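Beneath this line is the structure, given in C-alpha cells, with notes to follow.
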Amino acid sequence: MTRPAAMTQARPAQAGLLPKRLDRAVSWSDFRTAVRYDPANRMLVAVPAISAKRAEHPWLGEPTALHLRSADAEVFRREFEHGAVYWSERTGAHEVHGEIAARWIEVGGEASFLGLPTTDELRLEGYRTPGNGSAGGVAHFEGGTIAWTARHGATIVHGMVRDIWALLGWERSALGVPVSDAAVDATGVLRGCFEHGTIAWSPAGGPEITITASEASASSGAPGGADRGSLDEVPSGFAPHA
C-alpha cells in the first residue's frame, strides 16, 4: 500500500523548532539569562546563599518551609528540621539553632535589639568543666552575643559589657562565661555577671571589672580578696574576635 503524500513529505517549518545539540554544559550565566536575572532582586542572591549554608551544615536536616521574606524585604530565611538559616545583604547567610535560637526568638528575633546573626553558632572552645570538656556554644549578632552552656543556659551579653568581655578574651578570660543577661541596674550601670566576676560600665564611671577571689588567686597567686580593675590593666594584645 502506498502512503498518502502528506505523510511522506518533510515538514521543514516544524523541523526548525527542534532543539539543537548542546555543545557545552548550561552555565550560571545561562541560568541568569533564562530567569531574567536582576541584581536588585535579592531573592536570587538569598536563595543560593541559604542553600550553600545548608550544605555546610547537613545536620540542619530537610527544609520544613519555603523561603520566607521579612516585611521590609531585606531579610530572607528558611526553616529546617533542626534550625534555620537567615540571610541579608549586610550580614550574609548564617544558621541559628537550639537554645541560642530559642533565646533569640524569645526577645524578638531579628526585630529585637540583637538584630540578625553575624556568625553561625561556635563552640565555646575556652570553656571547660569537669567531666564534660567543652560544653557550650556562642553566636554573635549585630547587637550583641548569646552564649549557652548546659550549666547556665542561654544568656545575652551586649553593649560595653560585651565589648569589654571580647577585649578580655571571651570565655578564655578570667571571667569565664556569662551566667545571666547583661542589664542596666537601678543606678544606671550596665552590669554583666560571669562565672568568676562582673563587668560594669556607665557613661560617668566608665568600665569596672571585678574578678572573684578564687579566680584571681588561681591566675596570679595572690591571697584572697576580690580583684578590681579597669581596662587600663588589660594587656594590649587582646582584641575582639567575633
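Ordering of the C-alpha cells sets the chain letters (A, B, ...), residue numbers begin anew at 1 in every chain, and ligands are numbered from 1 in the order given.
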Just want the 7 Å neighbourhood of segment 84-100 of chain A, counted on only C-alpha atoms, with same-chain residues fewer than 2 positions away dropped. Output as a JSON list (two decimals) with C-alpha atoms, in the first residue's frame.
```json
[["chain", "number", "residue", "atom", "x", "y", "z"],
["A", 46, "ALA", "CA", 19.49, 34.91, 49.03],
["A", 49, "ALA", "CA", 23.34, 31.64, 49.72],
["A", 50, "ILE", "CA", 20.90, 29.90, 52.08],
["A", 53, "LYS", "CA", 24.90, 27.44, 54.15],
["A", 74, "GLU", "CA", 15.64, 42.91, 53.37],
["A", 75, "VAL", "CA", 15.80, 39.55, 55.13],
["A", 76, "PHE", "CA", 15.17, 36.02, 53.86],
["A", 77, "ARG", "CA", 15.06, 32.84, 55.91],
["A", 78, "ARG", "CA", 14.35, 29.16, 55.55],
["A", 79, "GLU", "CA", 13.34, 26.80, 58.34],
["A", 80, "PHE", "CA", 14.85, 23.32, 58.55],
["A", 82, "HIS", "CA", 16.87, 21.37, 63.33],
["A", 102, "ALA", "CA", 15.10, 29.91, 71.22],
["A", 103, "ARG", "CA", 16.55, 32.71, 73.36],
["A", 104, "TRP", "CA", 16.96, 34.98, 70.33],
["A", 117, "PRO", "CA", 23.16, 36.69, 63.35],
["A", 118, "THR", "CA", 26.63, 37.61, 62.08],
["A", 119, "THR", "CA", 28.14, 34.16, 62.72],
["A", 120, "ASP", "CA", 26.96, 30.58, 62.90],
["A", 121, "GLU", "CA", 26.92, 29.04, 66.35],
["A", 146, "ILE", "CA", 24.25, 34.92, 73.08],
["A", 148, "TRP", "CA", 24.91, 28.96, 76.00],
["A", 154, "ALA", "CA", 21.43, 30.87, 77.17]]
```
List the neighbours of Leu190 of chain A out to 10 Å using only C-alpha atoms; skip same-chain residues closer than 2 positions along the sequence, and give me the result as a list in words.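 Contacts, with the query itself left out: His158, Gly159, Met160, Val161, Ala182, Ala183, Val184, Asp185, Ala186, Thr187, Gly188, Gly192, Ile199, Ala200, Trp201, Ser202, Pro203 and Pro207 of chain A.
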If you keep N, CA, C and O atoms, can you produce a file of those selected residues as a PDB file, in the first residue's frame?
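So again13.pdb came out as:
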```pdb
ATOM      1  N   HIS A 158      25.610  42.311  75.841  1.00  0.00           N
ATOM      2  CA  HIS A 158      25.532  43.354  74.821  1.00  0.00           C
ATOM      3  C   HIS A 158      26.172  44.634  75.328  1.00  0.00           C
ATOM      4  O   HIS A 158      26.606  44.719  76.489  1.00  0.00           O
ATOM      5  N   GLY A 159      26.223  45.625  74.451  1.00  0.00           N
ATOM      6  CA  GLY A 159      26.757  46.926  74.828  1.00  0.00           C
ATOM      7  C   GLY A 159      28.223  46.861  75.219  1.00  0.00           C
ATOM      8  O   GLY A 159      28.983  46.012  74.753  1.00  0.00           O
ATOM      9  N   MET A 160      28.630  47.779  76.102  1.00  0.00           N
ATOM     10  CA  MET A 160      30.018  47.840  76.526  1.00  0.00           C
ATOM     11  C   MET A 160      30.427  46.605  77.321  1.00  0.00           C
ATOM     12  O   MET A 160      31.610  46.237  77.319  1.00  0.00           O
ATOM     13  N   VAL A 161      29.493  45.957  77.990  1.00  0.00           N
ATOM     14  CA  VAL A 161      29.837  44.721  78.698  1.00  0.00           C
ATOM     15  C   VAL A 161      30.327  43.680  77.711  1.00  0.00           C
ATOM     16  O   VAL A 161      31.343  43.006  77.939  1.00  0.00           O
ATOM     17  N   ALA A 182      23.161  40.615  80.584  1.00  0.00           N
ATOM     18  CA  ALA A 182      23.631  41.952  80.953  1.00  0.00           C
ATOM     19  C   ALA A 182      22.422  42.880  81.003  1.00  0.00           C
ATOM     20  O   ALA A 182      21.562  42.848  80.122  1.00  0.00           O
ATOM     21  N   ALA A 183      22.342  43.706  82.044  1.00  0.00           N
ATOM     22  CA  ALA A 183      21.179  44.578  82.221  1.00  0.00           C
ATOM     23  C   ALA A 183      21.590  45.845  82.947  1.00  0.00           C
ATOM     24  O   ALA A 183      22.602  45.883  83.654  1.00  0.00           O
ATOM     25  N   VAL A 184      20.786  46.887  82.777  1.00  0.00           N
ATOM     26  CA  VAL A 184      21.011  48.160  83.465  1.00  0.00           C
ATOM     27  C   VAL A 184      20.326  48.098  84.825  1.00  0.00           C
ATOM     28  O   VAL A 184      19.128  47.791  84.920  1.00  0.00           O
ATOM     29  N   ASP A 185      21.096  48.380  85.889  1.00  0.00           N
ATOM     30  CA  ASP A 185      20.518  48.322  87.229  1.00  0.00           C
ATOM     31  C   ASP A 185      19.876  49.654  87.625  1.00  0.00           C
ATOM     32  O   ASP A 185      19.806  50.587  86.811  1.00  0.00           O
ATOM     33  N   ALA A 186      19.434  49.748  88.859  1.00  0.00           N
ATOM     34  CA  ALA A 186      18.701  50.930  89.322  1.00  0.00           C
ATOM     35  C   ALA A 186      19.558  52.190  89.322  1.00  0.00           C
ATOM     36  O   ALA A 186      19.028  53.306  89.289  1.00  0.00           O
ATOM     37  N   THR A 187      20.860  52.043  89.351  1.00  0.00           N
ATOM     38  CA  THR A 187      21.758  53.210  89.365  1.00  0.00           C
ATOM     39  C   THR A 187      22.179  53.643  87.966  1.00  0.00           C
ATOM     40  O   THR A 187      22.976  54.558  87.827  1.00  0.00           O
ATOM     41  N   GLY A 188      21.676  52.965  86.939  1.00  0.00           N
ATOM     42  CA  GLY A 188      22.035  53.318  85.573  1.00  0.00           C
ATOM     43  C   GLY A 188      23.304  52.663  85.071  1.00  0.00           C
ATOM     44  O   GLY A 188      23.824  53.042  84.020  1.00  0.00           O
ATOM     45  N   GLY A 192      27.119  43.022  83.793  1.00  0.00           N
ATOM     46  CA  GLY A 192      27.040  41.634  83.372  1.00  0.00           C
ATOM     47  C   GLY A 192      27.719  40.744  84.380  1.00  0.00           C
ATOM     48  O   GLY A 192      28.825  41.042  84.842  1.00  0.00           O
ATOM     49  N   ILE A 199      31.371  42.572  85.009  1.00  0.00           N
ATOM     50  CA  ILE A 199      31.779  43.742  84.234  1.00  0.00           C
ATOM     51  C   ILE A 199      30.690  44.782  84.401  1.00  0.00           C
ATOM     52  O   ILE A 199      29.507  44.493  84.183  1.00  0.00           O
ATOM     53  N   ALA A 200      31.072  45.972  84.807  1.00  0.00           N
ATOM     54  CA  ALA A 200      30.117  47.076  84.948  1.00  0.00           C
ATOM     55  C   ALA A 200      30.606  48.251  84.117  1.00  0.00           C
ATOM     56  O   ALA A 200      31.813  48.495  84.000  1.00  0.00           O
ATOM     57  N   TRP A 201      29.650  48.987  83.551  1.00  0.00           N
ATOM     58  CA  TRP A 201      30.014  50.163  82.752  1.00  0.00           C
ATOM     59  C   TRP A 201      28.898  51.201  82.836  1.00  0.00           C
ATOM     60  O   TRP A 201      27.717  50.868  82.806  1.00  0.00           O
ATOM     61  N   SER A 202      29.314  52.456  82.959  1.00  0.00           N
ATOM     62  CA  SER A 202      28.371  53.572  82.909  1.00  0.00           C
ATOM     63  C   SER A 202      29.076  54.743  82.237  1.00  0.00           C
ATOM     64  O   SER A 202      30.316  54.839  82.277  1.00  0.00           O
ATOM     65  N   PRO A 203      28.327  55.649  81.606  1.00  0.00           N
ATOM     66  CA  PRO A 203      28.967  56.810  80.967  1.00  0.00           C
ATOM     67  C   PRO A 203      29.780  57.639  81.963  1.00  0.00           C
ATOM     68  O   PRO A 203      30.826  58.191  81.609  1.00  0.00           O
ATOM     69  N   PRO A 207      34.403  51.749  82.676  1.00  0.00           N
ATOM     70  CA  PRO A 207      34.377  50.307  82.933  1.00  0.00           C
ATOM     71  C   PRO A 207      34.980  49.944  84.281  1.00  0.00           C
ATOM     72  O   PRO A 207      35.909  50.580  84.764  1.00  0.00           O
TER      73      PRO A 207
END
```
**Prompt:** Which is closest to Trp59 of chain A among A:Glu81, A:Arg42, A:Glu195, A:Ala71, if we use only C-alpha atoms?
**Reply:**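 Among A:Glu81, A:Arg42, A:Glu195, A:Ala71, it is A:Glu81 that comes nearest to Trp59 of chain A.
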Kindly provide the residues of segment 94-126 of chain A that approach segment 168-178 of chain A to within 12 Å, each paired with its closest atom pair and their distance in Å to one decimal, based on only C-alpha atoms, listed by chain and increasing number, as CSV.
```
residue,atom,partner,partner_atom,distance
A:Leu122,CA,A:Glu171,CA,11.9
A:Arg123,CA,A:Glu171,CA,10.5
A:Leu124,CA,A:Glu171,CA,7.0
A:Glu125,CA,A:Glu171,CA,8.1
A:Gly126,CA,A:Arg172,CA,4.7
```
Generate a file of the selected residues that holds C-alpha atoms, formatted as a tab-separated table (two decimals), in the first residue's frame.
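The resulting selection-v3.tsv:
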```tsv
chain	number	residue	atom	x	y	z
A	122	LEU	CA	30.51	28.50	67.51
A	123	ARG	CA	31.84	26.15	70.16
A	124	LEU	CA	32.95	27.65	73.44
A	125	GLU	CA	36.42	26.22	73.00
A	126	GLY	CA	37.81	28.02	76.02
```
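Of note, atom CA of Phe194 of chain A and atom CA of Val179 of chain A are spaced 5.1 Å apart.
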